[in-house]
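Quick notes on the structure that follows.
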Amino acid sequence: LRLTAAAAAVITAGLAGAAVLLVVWLHASLISGLDQTALQRAQVVAADEDTSRIAAEVPVTDHGEAVVQVVDGKGNVLANSVNLRGRPRVFAFPASRADRPHAHTVDDIPIGAAGGTWRAVGIPAGPHRDPVTVYVAVPTEGVDHGLGQLTVGLATGVPAVVALLTGVAWLLTGRALRPVDGLRAQTAEITASDLNRRLDVPAADDALGRLATTLNDLLARLDTSTRRQRLFVADAAHELRNPLSILHTRLSVAARHPGLADGQALATGLLPQTDRLTRLVDDLLQLARLDARPRLRTRPVDLDEIVFTEVREARRRTRLAVDQHAVGAARVTGDEDALARVVRNLLDNALRHASSRVDVG
């Protein structure tokens with residue numbers, strides 16, 4: 001929704017700029033048209049002055065809107081249009097060059113109740129021995145009035161259009177984001193205890209549908225990982241419970257019947273259980289380090305020597321036969337401690353499930 005507001009601000013600025021440029025362009029175009037009209041009228045009057053005697057009154061068209069005045073080189077008024085009858089000289093600027101006529105803005109020409117603003121041109125005319133200047137002016141009232149109405153229309157219309165567009169964009173954006181908000185609400189309801197839930201995937205194969213599918217895949221991976229962690233915790237608790245139960249039982253018996261307890265036999269019986277607990281704790285710590293991206297110290301090691309060492313330790317913990325004759329020389333590049341832990345875990349599993357014999361190869 002903030003993006004919609006920003007877009008509305010950009011659209012407003014764009015439309016306002018376009019409206020200003022439109023008014024400026026229209027004003028320049030219409031004023032240029034008035035200048036061209038005044039110049040053409042001046043050229044017609046100048047042509048008459050070149051070919052005939054100067055009359056006291058110059059006929060005008062345009063229903064009396066244009067004004068014409070002919071002035072000699074001394075500044076005397078030789079002729080006026082009907083609407084300037086009896087008026088003194090009203091144009092003070094010099095005549096333009098014949099090849100480059102230039103229009104001027106003139107205020108307060110004494111015609112009507114208010115003079116207003118005019119666009120006037122002055123061009124040279126008459127014979128070379130007695131030159132005159134022909135001035136023609138046309139009012140800008142019509143242009144100003146039309147542009148004023150256009151400006152008022154744009155000033156009221158642009159905000160209305162922007163408001164309409166903003167409202168439509170707001171509705172469309174809210175409608176488009178409603179499914180996203182639904183996905184957000186469903187995701188917020190999913191907790192660690194119900195990771196088996198999934199989000200509703202929209203029927204349309206669009207970006208929202210792909211997002212819902214991706215989130216469901218993520219939930220599936222989290223669910224699988226959580227199940228594995230729970231299973232691991234259950235297995236680890238089960239493995240720790242057996243030696244702890246044995247330790248607790250033997251220590252309880254020794255505490256209740258101190259006369260019957262044989263210290264050496266008790267220690268001999270308990271040491272394997274403490275070793276087992278130590279290995280389990282070491283394995284748990286190693287798993288935690290593996291999850292934290294451990295730095296393995298790799299170097300050339302004799303894997304067969306590691307196996308022989310772990311077999312000797314295993315024989316001390318069991319009465320089963322452990323045969324290592326199938327072990328051959330093997331030199332590898334790896335972490336000696338990690339490899340020893342792998343072999344130790346394999347032997348522990350074998351001793352736990354074997355009935356009479358363990359073969360190592």
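Going by the structure tokens order, chains are called A, B, ..., each with residues numbered from 1, while ligands are numbered from 1 in the order shown.
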Write out as a VMD selection string the residues lying within 10 Å of Leu22 (chain A), counting only C-alpha atoms and excluding same-chain residues fewer than 4 positions away.
chain A and resid 16 to 18 26 to 28 150 to 151 154
For Ala203 (chain A), list every protein, DNA or RNA residue within 12 Å, evaluated using only C-alpha atoms, and leave out those in the same chain fewer than 6 positions away; present the list as a tab-separated table (two decimals) with N, CA and C atoms, in the first residue's frame.
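Generated file (result-v6.tsv):
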```
chain	number	residue	atom	x	y	z
A	179	PRO	N	-4.51	-12.50	-1.09
A	179	PRO	CA	-4.00	-13.88	-0.97
A	179	PRO	C	-2.66	-13.95	-0.23
A	209	GLY	N	1.34	-18.66	-6.52
A	209	GLY	CA	1.30	-20.11	-6.43
A	209	GLY	C	2.67	-20.71	-6.24
A	210	ARG	N	3.67	-20.18	-6.98
A	210	ARG	CA	5.03	-20.69	-6.81
A	210	ARG	C	5.57	-20.37	-5.42
A	212	ALA	N	3.75	-20.16	-2.64
A	212	ALA	CA	3.11	-21.10	-1.72
A	212	ALA	C	3.76	-22.48	-1.83
A	213	THR	N	4.06	-22.92	-3.05
A	213	THR	CA	4.72	-24.22	-3.24
A	213	THR	C	6.10	-24.24	-2.59
```
Nearest to Arg316 (chain A): which of A:Thr12, A:Leu287, A:Thr268, A:Leu339 is it, counting only C-alpha atoms?
A:Thr268
In region 167-309 of chain A, what's helix (DSSP H, G or I) per DSSP? Answer as a PyMOL selection string?
chain A and resi 167-189+192-194+207-256+263-291+303-309
Region 259-328 of chain A: which residues are strand (DSSP E or B) by DSSP, as a VMD selection string?
chain A and resid 299 to 302 321 to 323
May I have the residues from that selection written out with N, CA, C and O atoms, as a PDB file, in the first residue's frame?
```pdb
ATOM      1  N   ARG A 299      45.412 -35.668   7.448  1.00  0.00           N
ATOM      2  CA  ARG A 299      46.809 -36.015   7.164  1.00  0.00           C
ATOM      3  C   ARG A 299      46.850 -37.496   6.822  1.00  0.00           C
ATOM      4  O   ARG A 299      45.897 -38.234   7.085  1.00  0.00           O
ATOM      5  N   PRO A 300      47.933 -38.003   6.274  1.00  0.00           N
ATOM      6  CA  PRO A 300      48.026 -39.444   5.986  1.00  0.00           C
ATOM      7  C   PRO A 300      48.022 -40.264   7.286  1.00  0.00           C
ATOM      8  O   PRO A 300      48.806 -39.998   8.204  1.00  0.00           O
ATOM      9  N   VAL A 301      47.120 -41.232   7.381  1.00  0.00           N
ATOM     10  CA  VAL A 301      47.017 -42.099   8.567  1.00  0.00           C
ATOM     11  C   VAL A 301      46.873 -43.555   8.099  1.00  0.00           C
ATOM     12  O   VAL A 301      46.412 -43.825   6.979  1.00  0.00           O
ATOM     13  N   ASP A 302      47.268 -44.470   8.977  1.00  0.00           N
ATOM     14  CA  ASP A 302      47.123 -45.913   8.723  1.00  0.00           C
ATOM     15  C   ASP A 302      45.793 -46.360   9.305  1.00  0.00           C
ATOM     16  O   ASP A 302      45.639 -46.486  10.535  1.00  0.00           O
ATOM     17  N   ALA A 321      34.037 -63.332  20.717  1.00  0.00           N
ATOM     18  CA  ALA A 321      35.243 -63.465  19.892  1.00  0.00           C
ATOM     19  C   ALA A 321      35.244 -62.362  18.840  1.00  0.00           C
ATOM     20  O   ALA A 321      34.267 -62.182  18.109  1.00  0.00           O
ATOM     21  N   VAL A 322      36.339 -61.611  18.769  1.00  0.00           N
ATOM     22  CA  VAL A 322      36.482 -60.548  17.790  1.00  0.00           C
ATOM     23  C   VAL A 322      37.665 -60.907  16.899  1.00  0.00           C
ATOM     24  O   VAL A 322      38.821 -60.917  17.358  1.00  0.00           O
ATOM     25  N   ASP A 323      37.386 -61.214  15.643  1.00  0.00           N
ATOM     26  CA  ASP A 323      38.406 -61.687  14.697  1.00  0.00           C
ATOM     27  C   ASP A 323      38.790 -60.538  13.778  1.00  0.00           C
ATOM     28  O   ASP A 323      37.937 -59.926  13.131  1.00  0.00           O
TER      29      ASP A 323
END
```
Which residues come within 8 Å of Arg297 (chain A), counting only C-alpha atoms, excluding same-chain residues fewer than 6 positions away, as a list of chain:residue names?
A:Gly334, A:Asp335, A:Glu336
Quick one: pull the distance between CA of Arg85 (chain A) and CA of Glu57 (chain A), Å, one decimal.
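About the pair CA of Arg85 (chain A) and CA of Glu57 (chain A): they are 7.5 Å apart.
The list of residues with at least one atom within 12 Å of region 357-359 of chain A, based on only C-alpha atoms and without residues fewer than 2 positions apart in the same chain, reads A:Val307, A:Val311, A:Ala314, A:Arg315, A:Thr318, A:Arg319, A:Leu320, A:Ala321, A:Val322, A:Asp323, A:Gln324, A:His325, A:Ala326, A:Val327, A:Leu346, A:Leu347, A:Asp348, A:Asn349, A:Ala350, A:Leu351, A:Arg352, A:His353, A:Ala354, A:Ser355, A:Gly361.
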I need the residues from that last selection saved to file as a JSON list (two decimals), in the first residue's frame (with N, CA and C atoms), if you can.
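Output saved as selection.json:
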```json
[["chain", "number", "residue", "atom", "x", "y", "z"],
["A", 307, "VAL", "N", 42.08, -49.53, 13.30],
["A", 307, "VAL", "CA", 41.19, -50.67, 13.50],
["A", 307, "VAL", "C", 41.76, -51.61, 14.56],
["A", 311, "VAL", "N", 39.97, -52.59, 18.06],
["A", 311, "VAL", "CA", 39.62, -53.99, 18.32],
["A", 311, "VAL", "C", 40.15, -54.42, 19.69],
["A", 314, "ALA", "N", 37.87, -53.07, 22.20],
["A", 314, "ALA", "CA", 36.59, -53.78, 22.19],
["A", 314, "ALA", "C", 36.69, -55.12, 22.90],
["A", 315, "ARG", "N", 37.82, -55.81, 22.73],
["A", 315, "ARG", "CA", 37.99, -57.11, 23.38],
["A", 315, "ARG", "C", 37.98, -56.99, 24.91],
["A", 318, "THR", "N", 34.14, -57.07, 26.13],
["A", 318, "THR", "CA", 33.22, -58.15, 25.77],
["A", 318, "THR", "C", 33.89, -59.50, 25.93],
["A", 319, "ARG", "N", 33.05, -60.52, 26.04],
["A", 319, "ARG", "CA", 33.53, -61.90, 26.06],
["A", 319, "ARG", "C", 33.36, -62.57, 24.70],
["A", 320, "LEU", "N", 32.81, -61.82, 23.74],
["A", 320, "LEU", "CA", 32.63, -62.38, 22.41],
["A", 320, "LEU", "C", 33.97, -62.46, 21.69],
["A", 321, "ALA", "N", 34.04, -63.33, 20.72],
["A", 321, "ALA", "CA", 35.24, -63.47, 19.89],
["A", 321, "ALA", "C", 35.24, -62.36, 18.84],
["A", 322, "VAL", "N", 36.34, -61.61, 18.77],
["A", 322, "VAL", "CA", 36.48, -60.55, 17.79],
["A", 322, "VAL", "C", 37.66, -60.91, 16.90],
["A", 323, "ASP", "N", 37.39, -61.21, 15.64],
["A", 323, "ASP", "CA", 38.41, -61.69, 14.70],
["A", 323, "ASP", "C", 38.79, -60.54, 13.78],
["A", 324, "GLN", "N", 40.11, -60.24, 13.68],
["A", 324, "GLN", "CA", 40.60, -59.15, 12.84],
["A", 324, "GLN", "C", 41.54, -59.62, 11.74],
["A", 325, "HIS", "N", 41.54, -60.93, 11.45],
["A", 325, "HIS", "CA", 42.47, -61.45, 10.46],
["A", 325, "HIS", "C", 42.18, -60.92, 9.05],
["A", 326, "ALA", "N", 40.97, -60.48, 8.79],
["A", 326, "ALA", "CA", 40.63, -59.98, 7.46],
["A", 326, "ALA", "C", 41.04, -58.53, 7.23],
["A", 327, "VAL", "N", 41.66, -57.90, 8.24],
["A", 327, "VAL", "CA", 42.07, -56.51, 8.11],
["A", 327, "VAL", "C", 43.40, -56.44, 7.36],
["A", 346, "LEU", "N", 31.09, -48.47, 15.02],
["A", 346, "LEU", "CA", 30.74, -49.70, 14.31],
["A", 346, "LEU", "C", 30.97, -50.92, 15.19],
["A", 347, "LEU", "N", 32.08, -50.92, 15.93],
["A", 347, "LEU", "CA", 32.35, -52.05, 16.82],
["A", 347, "LEU", "C", 31.32, -52.11, 17.96],
["A", 348, "ASP", "N", 30.94, -50.96, 18.50],
["A", 348, "ASP", "CA", 29.94, -50.96, 19.57],
["A", 348, "ASP", "C", 28.62, -51.54, 19.08],
["A", 349, "ASN", "N", 28.21, -51.18, 17.90],
["A", 349, "ASN", "CA", 26.97, -51.74, 17.34],
["A", 349, "ASN", "C", 27.08, -53.24, 17.13],
["A", 350, "ALA", "N", 28.24, -53.66, 16.62],
["A", 350, "ALA", "CA", 28.42, -55.10, 16.38],
["A", 350, "ALA", "C", 28.39, -55.88, 17.68],
["A", 351, "LEU", "N", 29.08, -55.36, 18.71],
["A", 351, "LEU", "CA", 29.09, -56.06, 20.01],
["A", 351, "LEU", "C", 27.71, -56.08, 20.63],
["A", 352, "ARG", "N", 26.92, -55.05, 20.39],
["A", 352, "ARG", "CA", 25.58, -54.99, 21.00],
["A", 352, "ARG", "C", 24.64, -56.02, 20.38],
["A", 353, "HIS", "N", 24.82, -56.31, 19.11],
["A", 353, "HIS", "CA", 23.85, -57.18, 18.41],
["A", 353, "HIS", "C", 24.40, -58.58, 18.10],
["A", 354, "ALA", "N", 25.70, -58.79, 18.28],
["A", 354, "ALA", "CA", 26.26, -60.12, 17.99],
["A", 354, "ALA", "C", 25.89, -61.10, 19.10],
["A", 355, "SER", "N", 25.79, -62.38, 18.72],
["A", 355, "SER", "CA", 25.47, -63.42, 19.71],
["A", 355, "SER", "C", 26.70, -64.20, 20.14],
["A", 361, "GLY", "N", 36.76, -56.62, 9.00],
["A", 361, "GLY", "CA", 37.52, -56.68, 7.76],
["A", 361, "GLY", "C", 37.67, -55.31, 7.14]]
```
Residues near region 69-77 of chain A, cut-off 7 Å, only C-alpha atoms, skip fewer than 5 positions along chain, as JSON, numbers by chain:
{"A": [88, 89, 131, 132, 133, 134, 135, 136]}
Near-Ala254 (chain A) list (12 Å; only C-alpha atoms; drop same-chain fewer than 4 positions) as a list in words:
Leu247, His248, Thr249, Arg250, Pro258, Gly259, Leu260, Ala261, Asp262, Gly263, Ala265, Leu266, Ala267 and Leu270 of chain A
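Between CA of His102 (chain A) and CA of Ala42 (chain A) there is a distance of 12.0 Å.
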Neighbour list for Val201 (chain A) as a list in words, cut-off 12 Å, only C-alpha atoms, skip fewer than 3 positions in-chain:
Pro179, Val180, Gly182, Leu183, Gln186, Arg198, Ala204, Asp205, Asp206, Ala207, Leu208, Gly209, Arg210, Leu211, Ala212, Thr213, Thr214, Leu215, Asn216 and Asp217 of chain A
In Å, rounded to a single decimal, give me how far CA of Ala120 (chain A) is from CA of Pro94 (chain A).
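Distance between the two atoms: 11.3 Å.
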